[in-house]
Structures are given as structure tokens and as C-alpha cells.
>>> print(open('model.pdb').read())   # PDB, C-alpha atoms
MODEL        1
ATOM      1  CA  MET A   1      11.531   5.930 -20.870
ATOM      2  CA  ILE A   2      12.846   9.002 -19.022
ATOM      3  CA  PHE A   3       9.265   9.792 -17.987
ATOM      4  CA  TYR A   4       8.847   6.345 -16.417
ATOM      5  CA  LEU A   5      12.190   6.594 -14.664
ATOM      6  CA  LEU A   6      11.252  10.003 -13.264
ATOM      7  CA  ILE A   7       7.925   8.692 -11.953
ATOM      8  CA  TYR A   8       9.608   5.653 -10.402
ATOM      9  CA  PHE A   9      12.235   7.884  -8.820
ATOM     10  CA  ILE A  10       9.485  10.007  -7.222
ATOM     11  CA  ILE A  11       7.719   6.855  -6.010
ATOM     12  CA  VAL A  12      10.814   5.303  -4.435
ATOM     13  CA  VAL A  13      11.926   8.564  -2.805
ATOM     14  CA  ALA A  14       8.425   9.140  -1.408
ATOM     15  CA  ALA A  15       8.336   5.592  -0.023
ATOM     16  CA  ALA A  16      11.766   5.985   1.574
ATOM     17  CA  MET A  17      10.818   9.356   3.080
ATOM     18  CA  ALA A  18       7.560   7.886   4.369
ATOM     19  CA  ILE A  19       9.364   5.340   6.491
ATOM     20  CA  MET A  20      12.345   7.521   7.424
ATOM     21  CA  SER A  21      10.600  10.686   8.528
ATOM     22  CA  LYS A  22      10.489  11.296  12.242
ATOM     23  CA  LYS A  23       6.963  12.699  12.414
ATOM     24  CA  LEU A  24       4.031  10.496  11.519
ATOM     25  CA  LEU A  25       2.262  13.407   9.818
ATOM     26  CA  ASN A  26       5.123  13.735   7.328
ATOM     27  CA  SER A  27       4.912   9.987   6.732
ATOM     28  CA  ALA A  28       1.216  10.298   5.883
ATOM     29  CA  VAL A  29       1.877  13.172   3.477
ATOM     30  CA  MET A  30       4.693  11.239   1.787
ATOM     31  CA  LEU A  31       2.340   8.272   1.441
ATOM     32  CA  ALA A  32      -0.100  10.566  -0.369
ATOM     33  CA  LEU A  33       2.720  11.657  -2.693
ATOM     34  CA  LEU A  34       3.496   7.976  -3.331
ATOM     35  CA  SER A  35      -0.157   7.364  -4.235
ATOM     36  CA  ILE A  36      -0.167  10.354  -6.592
ATOM     37  CA  GLY A  37       2.956   9.018  -8.327
ATOM     38  CA  ILE A  38       1.365   5.595  -8.714
ATOM     39  CA  SER A  39      -1.832   7.081 -10.127
ATOM     40  CA  ILE A  40       0.233   9.013 -12.714
ATOM     41  CA  LEU A  41       1.933   5.716 -13.563
ATOM     42  CA  LEU A  42      -1.455   4.001 -13.949
ATOM     43  CA  PHE A  43      -2.608   6.802 -16.269
ATOM     44  CA  ALA A  44       0.568   6.313 -18.303
ATOM     45  CA  TYR A  45      -0.166   2.572 -18.504
ATOM     46  CA  ASN A  46      -3.575   3.334 -20.025
ATOM     47  CA  ALA A  47      -5.523   2.284 -16.927
ATOM     48  CA  PRO A  48      -7.602   5.391 -16.175
ATOM     49  CA  TRP A  49     -10.234   3.736 -13.952
ATOM     50  CA  ALA A  50      -7.669   2.206 -11.632
ATOM     51  CA  ALA A  51      -5.811   5.530 -11.588
ATOM     52  CA  VAL A  52      -8.935   7.442 -10.569
ATOM     53  CA  PHE A  53      -9.648   4.932  -7.794
ATOM     54  CA  GLU A  54      -6.037   5.120  -6.634
ATOM     55  CA  LEU A  55      -6.127   8.909  -6.612
ATOM     56  CA  SER A  56      -9.456   9.251  -4.838
ATOM     57  CA  VAL A  57      -9.235   6.378  -2.354
ATOM     58  CA  CYS A  58      -5.529   6.013  -1.603
ATOM     59  CA  ALA A  59      -4.347   9.605  -2.012
ATOM     60  CA  GLY A  60      -7.555  11.037  -0.579
ATOM     61  CA  LEU A  61      -9.402   8.790   1.832
ATOM     62  CA  ILE A  62      -6.491   6.823   3.297
ATOM     63  CA  THR A  63      -4.424   9.985   3.794
ATOM     64  CA  VAL A  64      -7.314  11.600   5.647
ATOM     65  CA  LEU A  65      -7.657   8.465   7.775
ATOM     66  CA  PHE A  66      -3.939   8.476   8.598
ATOM     67  CA  ILE A  67      -3.893  12.185   9.438
ATOM     68  CA  SER A  68      -6.963  11.890  11.658
ATOM     69  CA  ALA A  69      -5.473   8.864  13.440
ATOM     70  CA  VAL A  70      -2.160  10.685  13.953
ATOM     71  CA  SER A  71      -3.983  13.702  15.338
ATOM     72  CA  LEU A  72      -5.943  11.460  17.706
ATOM     73  CA  VAL A  73      -2.694   9.867  18.893
ATOM     74  CA  LYS A  74      -1.290  13.005  20.471
ATOM     75  CA  ASN A  75       2.393  13.361  21.204
ATOM     76  CA  ASP A  76       3.457  10.383  19.160
ATOM     77  CA  GLU A  77       7.051  11.036  20.165
ATOM     78  CA  ASP A  78       6.081  10.662  23.816
ATOM     79  CA  ALA A  79       3.852   7.692  23.094
ATOM     80  CA  LEU A  80       6.698   5.679  21.626
ATOM     81  CA  LYS A  81      10.419   6.376  21.611
ATOM     82  CA  GLU A  82      12.232   4.355  19.009
ATOM     83  CA  LYS A  83      15.883   4.182  18.131
ATOM     84  CA  ARG A  84      16.567   6.184  14.970
ATOM     85  CA  VAL A  85      19.542   4.065  13.922
ATOM     86  CA  LYS A  86      17.447   1.527  12.079
ATOM     87  CA  TYR A  87      15.952   4.299   9.955
ATOM     88  CA  THR A  88      19.206   6.136   9.319
ATOM     89  CA  VAL A  89      20.879   2.988   7.948
ATOM     90  CA  PHE A  90      17.906   2.339   5.670
ATOM     91  CA  PRO A  91      19.254   4.276   2.620
ATOM     92  CA  LEU A  92      22.443   2.180   2.719
ATOM     93  CA  MET A  93      20.431  -1.026   2.879
ATOM     94  CA  LEU A  94      18.180   0.214   0.069
ATOM     95  CA  VAL A  95      21.161   0.953  -2.156
ATOM     96  CA  GLY A  96      22.635  -2.459  -1.365
ATOM     97  CA  PHE A  97      19.352  -4.163  -2.170
ATOM     98  CA  ALA A  98      19.037  -2.136  -5.389
ATOM     99  CA  VAL A  99      22.511  -3.228  -6.519
ATOM    100  CA  ILE A 100      21.736  -6.885  -5.820
ATOM    101  CA  ALA A 101      18.281  -6.621  -7.412
ATOM    102  CA  SER A 102      19.667  -4.927 -10.532
ATOM    103  CA  ILE A 103      21.808  -8.017 -11.099
ATOM    104  CA  PHE A 104      19.121 -10.676 -10.683
ATOM    105  CA  VAL A 105      15.632  -9.196 -11.085
ATOM    106  CA  PRO A 106      15.614  -7.682 -14.629
ATOM    107  CA  GLU A 107      17.225 -10.781 -16.121
ATOM    108  CA  TYR A 108      14.700 -13.126 -14.478
ATOM    109  CA  PHE A 109      11.687 -11.052 -15.497
ATOM    110  CA  ALA A 110      12.995 -10.576 -19.035
ATOM    111  CA  ASN A 111      12.879 -14.382 -19.288
ATOM    112  CA  LEU A 112       9.475 -14.496 -17.623
ATOM    113  CA  PHE A 113       8.114 -11.959 -20.114
ATOM    114  CA  GLN A 114       8.524 -14.525 -22.889
ATOM    115  CA  PHE A 115       5.798 -16.652 -21.299
ATOM    116  CA  ALA A 116       3.193 -13.868 -21.299
ATOM    117  CA  SER A 117       0.343 -14.797 -23.617
ATOM    118  CA  PHE A 118      -0.901 -12.184 -26.063
ATOM    119  CA  ASN A 119      -4.564 -12.818 -26.786
ATOM    120  CA  PRO A 120      -6.221  -9.496 -27.559
ATOM    121  CA  SER A 121      -9.391 -11.118 -28.964
ATOM    122  CA  ASN A 122     -10.708 -12.228 -25.564
ATOM    123  CA  ASN A 123     -10.523  -8.834 -23.911
ATOM    124  CA  PRO A 124     -13.905  -7.386 -22.904
ATOM    125  CA  PRO A 125     -14.338  -3.725 -21.873
ATOM    126  CA  LEU A 126     -13.975  -2.778 -18.222
ATOM    127  CA  GLY A 127     -17.716  -2.405 -17.538
ATOM    128  CA  ASP A 128     -18.442  -5.925 -18.779
ATOM    129  CA  MET A 129     -15.450  -7.240 -16.858
ATOM    130  CA  ILE A 130     -16.658  -5.764 -13.555
ATOM    131  CA  TRP A 131     -20.390  -6.361 -13.854
ATOM    132  CA  LEU A 132     -20.591  -9.576 -15.885
ATOM    133  CA  TYR A 133     -17.407 -11.569 -15.429
ATOM    134  CA  ARG A 134     -16.434 -10.562 -11.908
ATOM    135  CA  GLY A 135     -19.787  -9.739 -10.358
ATOM    136  CA  PHE A 136     -18.970 -11.671  -7.217
ATOM    137  CA  ASP A 137     -16.153  -9.232  -6.518
ATOM    138  CA  ILE A 138     -18.754  -6.493  -6.093
ATOM    139  CA  ILE A 139     -20.616  -8.629  -3.537
ATOM    140  CA  GLY A 140     -17.308  -9.310  -1.775
ATOM    141  CA  GLN A 141     -16.521  -5.605  -1.647
ATOM    142  CA  ILE A 142     -19.938  -4.782  -0.196
ATOM    143  CA  THR A 143     -19.510  -7.536   2.403
ATOM    144  CA  LEU A 144     -16.063  -6.239   3.349
ATOM    145  CA  LEU A 145     -17.367  -2.674   3.650
ATOM    146  CA  ALA A 146     -20.172  -3.877   5.933
ATOM    147  CA  ALA A 147     -17.670  -5.891   7.978
ATOM    148  CA  SER A 148     -15.393  -2.874   8.416
ATOM    149  CA  ILE A 149     -18.336  -0.717   9.499
ATOM    150  CA  PHE A 150     -19.249  -3.337  12.113
ATOM    151  CA  VAL A 151     -15.619  -3.523  13.282
ATOM    152  CA  ILE A 152     -15.365   0.243  13.737
ATOM    153  CA  LYS A 153     -18.771   0.421  15.392
ATOM    154  CA  HIS A 154     -17.823  -2.245  17.905
ATOM    155  CA  ILE A 155     -14.365  -0.780  18.577
ATOM    156  CA  PHE A 156     -15.731   2.680  19.315
ATOM    157  CA  THR A 157     -18.870   1.602  21.073
ATOM    158  CA  LYS A 158     -19.986   3.864  23.894
ATOM    159  CA  GLU A 159     -19.555   2.298  27.300
ATOM    160  CA  THR A 160     -22.561   2.464  29.568
ATOM    161  CA  LYS A 161     -22.431   2.270  33.341
ATOM    162  CA  ASN A 162     -24.751  -0.712  33.514
ATOM    163  CA  GLU A 163     -22.213  -2.968  31.808
ATOM    164  CA  HIS A 164     -19.916  -3.106  34.821
TER     165      HIS A 164
ATOM    166  CA  MET B   1       4.203  -4.562 -26.028
ATOM    167  CA  ASN B   2       5.707  -3.347 -22.838
ATOM    168  CA  ILE B   3       9.446  -2.854 -23.106
ATOM    169  CA  ASN B   4       9.682  -1.679 -19.487
ATOM    170  CA  PHE B   5       8.619  -4.993 -17.955
ATOM    171  CA  PRO B   6      11.967  -5.960 -16.309
ATOM    172  CA  LEU B   7      12.546  -2.342 -15.220
ATOM    173  CA  ASP B   8       9.084  -2.222 -13.642
ATOM    174  CA  TRP B   9       9.814  -5.332 -11.650
ATOM    175  CA  PHE B  10      13.116  -3.917 -10.479
ATOM    176  CA  PHE B  11      11.286  -0.956  -8.951
ATOM    177  CA  ILE B  12       8.533  -3.234  -7.626
ATOM    178  CA  ALA B  13      11.222  -5.223  -5.783
ATOM    179  CA  ILE B  14      12.660  -1.997  -4.329
ATOM    180  CA  LEU B  15       9.222  -0.829  -3.159
ATOM    181  CA  PHE B  16       8.512  -4.232  -1.644
ATOM    182  CA  PHE B  17      11.828  -4.150   0.189
ATOM    183  CA  THR B  18      11.049  -0.668   1.532
ATOM    184  CA  GLY B  19       7.663  -1.723   2.898
ATOM    185  CA  ALA B  20       8.958  -5.011   4.276
ATOM    186  CA  TYR B  21      11.885  -3.269   6.021
ATOM    187  CA  CYS B  22       9.471  -0.818   7.629
ATOM    188  CA  MET B  23       7.235  -3.653   8.814
ATOM    189  CA  ILE B  24      10.189  -5.615  10.207
ATOM    190  CA  VAL B  25      12.062  -2.939  12.141
ATOM    191  CA  SER B  26       9.324  -0.631  13.366
ATOM    192  CA  ARG B  27       7.479  -1.002  16.654
ATOM    193  CA  ASN B  28       5.092   1.836  15.900
ATOM    194  CA  ILE B  29       1.730   0.419  14.748
ATOM    195  CA  ILE B  30       1.038   3.355  12.417
ATOM    196  CA  LYS B  31       4.444   2.806  10.798
ATOM    197  CA  LEU B  32       3.532  -0.861  10.366
ATOM    198  CA  LEU B  33       0.373   0.154   8.541
ATOM    199  CA  ILE B  34       2.408   2.543   6.369
ATOM    200  CA  GLY B  35       4.716  -0.371   5.485
ATOM    201  CA  PHE B  36       1.694  -2.486   4.613
ATOM    202  CA  GLU B  37       0.431   0.323   2.402
ATOM    203  CA  ILE B  38       3.765   0.532   0.549
ATOM    204  CA  ILE B  39       3.725  -3.235  -0.061
ATOM    205  CA  SER B  40       0.170  -2.918  -1.407
ATOM    206  CA  LYS B  41       1.362  -0.201  -3.780
ATOM    207  CA  SER B  42       4.067  -2.498  -5.106
ATOM    208  CA  ALA B  43       1.395  -5.160  -5.655
ATOM    209  CA  THR B  44      -0.702  -2.598  -7.558
ATOM    210  CA  ILE B  45       2.182  -1.821  -9.916
ATOM    211  CA  ALA B  46       2.857  -5.550 -10.312
ATOM    212  CA  MET B  47      -0.755  -6.127 -11.288
ATOM    213  CA  ILE B  48      -0.826  -3.351 -13.865
ATOM    214  CA  THR B  49       2.444  -4.424 -15.475
ATOM    215  CA  ALA B  50       1.204  -8.023 -15.629
ATOM    216  CA  GLY B  51      -1.993  -6.778 -17.274
ATOM    217  CA  GLN B  52       0.050  -4.797 -19.775
ATOM    218  CA  ALA B  53       2.270  -7.788 -20.516
ATOM    219  CA  THR B  54      -0.662 -10.146 -21.116
ATOM    220  CA  ASN B  55      -2.623  -7.415 -22.933
ATOM    221  CA  ASN B  56      -5.575  -7.824 -20.579
ATOM    222  CA  MET B  57      -5.932  -4.401 -18.985
ATOM    223  CA  ALA B  58      -9.631  -4.722 -18.138
ATOM    224  CA  LEU B  59      -9.027  -7.685 -15.838
ATOM    225  CA  ALA B  60      -6.005  -5.974 -14.275
ATOM    226  CA  GLN B  61      -7.983  -2.792 -13.640
ATOM    227  CA  SER B  62     -10.899  -4.671 -12.069
ATOM    228  CA  VAL B  63      -8.523  -6.568  -9.763
ATOM    229  CA  ILE B  64      -6.772  -3.310  -8.829
ATOM    230  CA  ILE B  65     -10.078  -1.655  -7.967
ATOM    231  CA  VAL B  66     -10.973  -4.554  -5.659
ATOM    232  CA  MET B  67      -7.480  -4.424  -4.144
ATOM    233  CA  ILE B  68      -7.716  -0.683  -3.446
ATOM    234  CA  MET B  69     -11.060  -1.210  -1.737
ATOM    235  CA  VAL B  70      -9.700  -4.011   0.451
ATOM    236  CA  GLU B  71      -6.637  -1.887   1.252
ATOM    237  CA  ALA B  72      -8.817   1.017   2.401
ATOM    238  CA  ILE B  73     -10.916  -1.287   4.587
ATOM    239  CA  VAL B  74      -7.875  -2.889   6.209
ATOM    240  CA  ILE B  75      -6.304   0.505   6.892
ATOM    241  CA  ALA B  76      -9.536   1.903   8.352
ATOM    242  CA  SER B  77      -9.968  -1.077  10.672
ATOM    243  CA  GLY B  78      -6.293  -1.068  11.633
ATOM    244  CA  LEU B  79      -6.267   2.640  12.451
ATOM    245  CA  ALA B  80      -9.421   2.236  14.522
ATOM    246  CA  LEU B  81      -7.637  -0.494  16.493
ATOM    247  CA  VAL B  82      -4.590   1.778  16.885
ATOM    248  CA  VAL B  83      -6.663   4.625  18.325
ATOM    249  CA  LYS B  84      -8.482   2.268  20.696
ATOM    250  CA  SER B  85      -5.203   0.687  21.771
ATOM    251  CA  TYR B  86      -3.739   4.149  22.405
ATOM    252  CA  ARG B  87      -6.694   5.056  24.577
ATOM    253  CA  LEU B  88      -6.330   1.858  26.578
ATOM    254  CA  ASN B  89      -2.538   1.620  26.879
ATOM    255  CA  GLY B  90      -1.385   5.188  26.259
ATOM    256  CA  SER B  91       1.076   3.920  23.696
ATOM    257  CA  ILE B  92       1.244   2.888  20.060
ATOM    258  CA  ASP B  93       3.961   0.334  20.700
ATOM    259  CA  ILE B  94       3.237  -3.076  19.145
ATOM    260  CA  LYS B  95       4.950  -4.766  22.119
ATOM    261  CA  LYS B  96       2.358  -3.313  24.480
ATOM    262  CA  LEU B  97      -0.162  -5.549  22.765
ATOM    263  CA  MET B  98       1.727  -8.611  23.959
ATOM    264  CA  ASN B  99       0.247  -8.440  27.435
ATOM    265  CA  LEU B 100      -3.297  -9.122  26.388
ATOM    266  CA  LYS B 101      -4.989 -11.328  28.940
ATOM    267  CA  GLY B 102      -8.109 -13.408  28.764
TER     268      GLY B 102
ENDMDL
END
>>> encode(input="model.pdb", output="C-alpha cells")
Amino acid sequence: MIFYLLIYFIIVVAAAMAIMSKKLLNSAVMLALLSIGISILLFAYNAPWAAVFELSVCAGLITVLFISAVSLVKNDEDALKEKRVKYTVFPLMLVGFAVIASIFVPEYFANLFQFASFNPSNNPPLGDMIWLYRGFDIIGQITLLAASIFVIKHIFTKETKNEH
Amino acid sequence: MNINFPLDWFFIAILFFTGAYCMIVSRNIIKLLIGFEIISKSATIAMITAGQATNNMALAQSVIIVMIMVEAIVIASGLALVVKSYRLNGSIDIKKLMNLKG
């Protein structure tokens, strides 16, 4: 129980720091820390495949994407000046929300937990689940990957002089 | 049996609030994407706790893997749009995108 609380504490603090930090690079690093905390949580919940994907894609690839985008957007402070007040009041709002949520949320979900069905017999292994039962998801993922490649190719297309 | 189920959802609500607050108040497009990412993380935890509660971890893991892939694609496309918008407008302000014409 203390282990879970510690992991959740790291996750919430990393999320709060990610949105409160002044520099976008620090936000990206805190997002990576958040992903690492979530992958530890997934390992603790006996979901190693999801944890490995989370660690490699979210903590690795997405962090690299964020850092490269931040480095391409030079002088982010000059590019956009925002008021810091809305970020400095965030911890107060978070504590207020946590107090309200601690009253309503655990009670509601403790009731909801009674409706969860326990049927361990119909529970195939992960490989069968991905390749046999949810094979269309793989096709959807490949289609989405192709779509994103087309999007990025068309956004960063090289302009030729003949076009104008 | 998962005894942490209500506690998990308490922290999921806090994470969701954090991401939603960031998406509401920020004008910086990269911060908006960071808020989206935090909300996706809360959805990931929600999925894994639901899988634990219904004792169907294989389905939960397969859905999470698809979700992580979609998340990465959305972030990659969004950041590409941010960089292009910065090159065109010289700013990463979401309000600068309001004056799109034609």
C-alpha cells in the first residue's frame, strides 16, 4: 500500500511540475518522469507488456519528440509571454480538488467495484488477445502510423519556386 | 482482488484535473499537448485498474498498447504542426491560429 502511494505521489508531483515549470524543456523531462512512474505502476499491476510499451514509447520516443520540438522553437519565452498567475495558483486548486474528490470519488468507485464481473475462465493470453481477438487493432495502428507519416511529410514538404 | 480500486480512481481524478487545467488555462500549444498527454496517462491508469478489477488483464494490456500508439501518433502530428506554425507565425500562441484565412 505504501509502495502504491509513493508511486502515485511521484506521478502527481511530476504532472504538477510538468505544467507549472517555466521552461518547456523541464516540462518535457517531468513528463518523462511521469511516464516512468506509470510504467513502474503497470509493472506492479502485473502488466509487463503495457509497461514496456509505456517505457519505450512514452518515456523514450515522446520525450525525444518534445525535446526536439522545443529546441526547434527557439526562445520559447520570447515566442509567447504568458501570465504566471494561473500556474502559481494551480497547487491551491489541486489541493482543493483533492479534498473534494476524496469525499466523493472513493465512495462512488467502491460502490462501482461491486459490479465488476470476475470471470477468470475466459481470459486468453496476451498474444492470442492481440493477434486473434483484436487483429483489427493492428490494422488500425498500421493505418494510423501511415496517416501520421503522410501528415508529417505534407507539413514539412519542401517548397519549390515553380509553385508560386 | 484489487483493494486499491477506489484509491486508484482518486489519483486518476487528480491526474485528469491536472491535465484538464493545463489544457484550459494555457495558450502555449506545447503546453496543451503536455496536458493532453497527462490526460492520456490518467486514461492508461484507468484502463489497467479496470482490467485488474474485472480480472481481464490481457484485454486491458492490448487496449493500452493501442492507446499508447495512438497517443504517440497524435503527439508527433501535433508537434509537427506546432513547428510549422512557429515557422509561419513566429509564435506558439494558440490565439495566433485564429486568424487563419481561406
>>> closest_residue(input="model.pdb", among="A:Arg84, A:Ala47, A:Ile149, A:Ile103", to="Val63 (chain B)", atoms="all atoms listed in the file")
A:Ala47
>>> residues_around(input="model.pdb", residues="Leu61 (chain A)", least_positions_apart="4", cutoff="12 Å", atoms="all atoms listed in the file", output="ChimeraX atom specification")
/A:28,31-32,35,53-57,65-68 /B:68-69,71-73,75-76
>>> interface_residues(input="model.pdb", of="chain B", to="chain A", cutoff="8 Å", atoms="all atoms listed in the file", output="PDB file with C-alpha atoms, keeping the file's coordinate frame")
ATOM      1  CA  ASN B   4       9.682  -1.679 -19.487  1.00  0.00           C
ATOM      2  CA  PHE B   5       8.619  -4.993 -17.955  1.00  0.00           C
ATOM      3  CA  PRO B   6      11.967  -5.960 -16.309  1.00  0.00           C
ATOM      4  CA  LEU B   7      12.546  -2.342 -15.220  1.00  0.00           C
ATOM      5  CA  TRP B   9       9.814  -5.332 -11.650  1.00  0.00           C
ATOM      6  CA  PHE B  10      13.116  -3.917 -10.479  1.00  0.00           C
ATOM      7  CA  PHE B  11      11.286  -0.956  -8.951  1.00  0.00           C
ATOM      8  CA  ALA B  13      11.222  -5.223  -5.783  1.00  0.00           C
ATOM      9  CA  ILE B  14      12.660  -1.997  -4.329  1.00  0.00           C
ATOM     10  CA  LEU B  15       9.222  -0.829  -3.159  1.00  0.00           C
ATOM     11  CA  PHE B  17      11.828  -4.150   0.189  1.00  0.00           C
ATOM     12  CA  THR B  18      11.049  -0.668   1.532  1.00  0.00           C
ATOM     13  CA  GLY B  19       7.663  -1.723   2.898  1.00  0.00           C
ATOM     14  CA  CYS B  22       9.471  -0.818   7.629  1.00  0.00           C
ATOM     15  CA  VAL B  25      12.062  -2.939  12.141  1.00  0.00           C
ATOM     16  CA  ARG B  27       7.479  -1.002  16.654  1.00  0.00           C
ATOM     17  CA  ASN B  28       5.092   1.836  15.900  1.00  0.00           C
ATOM     18  CA  ILE B  30       1.038   3.355  12.417  1.00  0.00           C
ATOM     19  CA  LYS B  31       4.444   2.806  10.798  1.00  0.00           C
ATOM     20  CA  ILE B  34       2.408   2.543   6.369  1.00  0.00           C
ATOM     21  CA  GLY B  35       4.716  -0.371   5.485  1.00  0.00           C
ATOM     22  CA  ILE B  38       3.765   0.532   0.549  1.00  0.00           C
ATOM     23  CA  LYS B  41       1.362  -0.201  -3.780  1.00  0.00           C
ATOM     24  CA  ILE B  45       2.182  -1.821  -9.916  1.00  0.00           C
ATOM     25  CA  ILE B  48      -0.826  -3.351 -13.865  1.00  0.00           C
ATOM     26  CA  GLN B  52       0.050  -4.797 -19.775  1.00  0.00           C
ATOM     27  CA  ALA B  53       2.270  -7.788 -20.516  1.00  0.00           C
ATOM     28  CA  THR B  54      -0.662 -10.146 -21.116  1.00  0.00           C
ATOM     29  CA  ASN B  55      -2.623  -7.415 -22.933  1.00  0.00           C
ATOM     30  CA  ASN B  56      -5.575  -7.824 -20.579  1.00  0.00           C
ATOM     31  CA  MET B  57      -5.932  -4.401 -18.985  1.00  0.00           C
ATOM     32  CA  ALA B  58      -9.631  -4.722 -18.138  1.00  0.00           C
ATOM     33  CA  LEU B  59      -9.027  -7.685 -15.838  1.00  0.00           C
ATOM     34  CA  GLN B  61      -7.983  -2.792 -13.640  1.00  0.00           C
ATOM     35  CA  SER B  62     -10.899  -4.671 -12.069  1.00  0.00           C
ATOM     36  CA  ILE B  64      -6.772  -3.310  -8.829  1.00  0.00           C
ATOM     37  CA  ILE B  65     -10.078  -1.655  -7.967  1.00  0.00           C
ATOM     38  CA  VAL B  66     -10.973  -4.554  -5.659  1.00  0.00           C
ATOM     39  CA  ILE B  68      -7.716  -0.683  -3.446  1.00  0.00           C
ATOM     40  CA  MET B  69     -11.060  -1.210  -1.737  1.00  0.00           C
ATOM     41  CA  VAL B  70      -9.700  -4.011   0.451  1.00  0.00           C
ATOM     42  CA  ALA B  72      -8.817   1.017   2.401  1.00  0.00           C
ATOM     43  CA  ILE B  73     -10.916  -1.287   4.587  1.00  0.00           C
ATOM     44  CA  VAL B  74      -7.875  -2.889   6.209  1.00  0.00           C
ATOM     45  CA  ILE B  75      -6.304   0.505   6.892  1.00  0.00           C
ATOM     46  CA  ALA B  76      -9.536   1.903   8.352  1.00  0.00           C
ATOM     47  CA  SER B  77      -9.968  -1.077  10.672  1.00  0.00           C
ATOM     48  CA  LEU B  79      -6.267   2.640  12.451  1.00  0.00           C
ATOM     49  CA  ALA B  80      -9.421   2.236  14.522  1.00  0.00           C
ATOM     50  CA  LEU B  81      -7.637  -0.494  16.493  1.00  0.00           C
ATOM     51  CA  VAL B  82      -4.590   1.778  16.885  1.00  0.00           C
ATOM     52  CA  VAL B  83      -6.663   4.625  18.325  1.00  0.00           C
ATOM     53  CA  LYS B  84      -8.482   2.268  20.696  1.00  0.00           C
ATOM     54  CA  TYR B  86      -3.739   4.149  22.405  1.00  0.00           C
ATOM     55  CA  GLY B  90      -1.385   5.188  26.259  1.00  0.00           C
ATOM     56  CA  SER B  91       1.076   3.920  23.696  1.00  0.00           C
ATOM     57  CA  ILE B  92       1.244   2.888  20.060  1.00  0.00           C
ATOM     58  CA  ASP B  93       3.961   0.334  20.700  1.00  0.00           C
TER      59      ASP B  93
END
>>> closest_residue(input="model.pdb", among="A:Ile7, A:Ile100, A:Met30, A:Ala59", to="Ala44 (chain A)", atoms="all atoms listed in the file")
A:Ile7
>>> atom_distance(input="model.pdb", atom1="CA of Phe136 (chain A)", atom2="CA of Ala43 (chain B)")
21.4 Å
>>> axis_aligned_box(input="model.pdb", around="region 91-103 of chain A", padding_each_side="8 Å", output="AutoDock Vina command-line options")
--center_x 20.4 --center_y -1.9 --center_z -4.1 --size_x 20.5 --size_y 28.3 --size_z 30.0
>>> closest_residue(input="model.pdb", among="A:Thr63, A:Thr143, A:Phe43, A:Lys22", to="Val85 (chain A)", atoms="all atoms listed in the file")
A:Lys22
>>> atom_distance(input="model.pdb", atom1="CA of Phe16 (chain B)", atom2="CA of Asn26 (chain A)")
20.4 Å
>>> closest_residue(input="model.pdb", among="B:Leu33, B:Ser85, B:Met47, B:Ile12", to="Leu97 (chain B)", atoms="only C-alpha atoms")
B:Ser85
>>> atom_distance(input="model.pdb", atom1="CA of Ser40 (chain B)", atom2="CA of Arg87 (chain B)")
28.0 Å
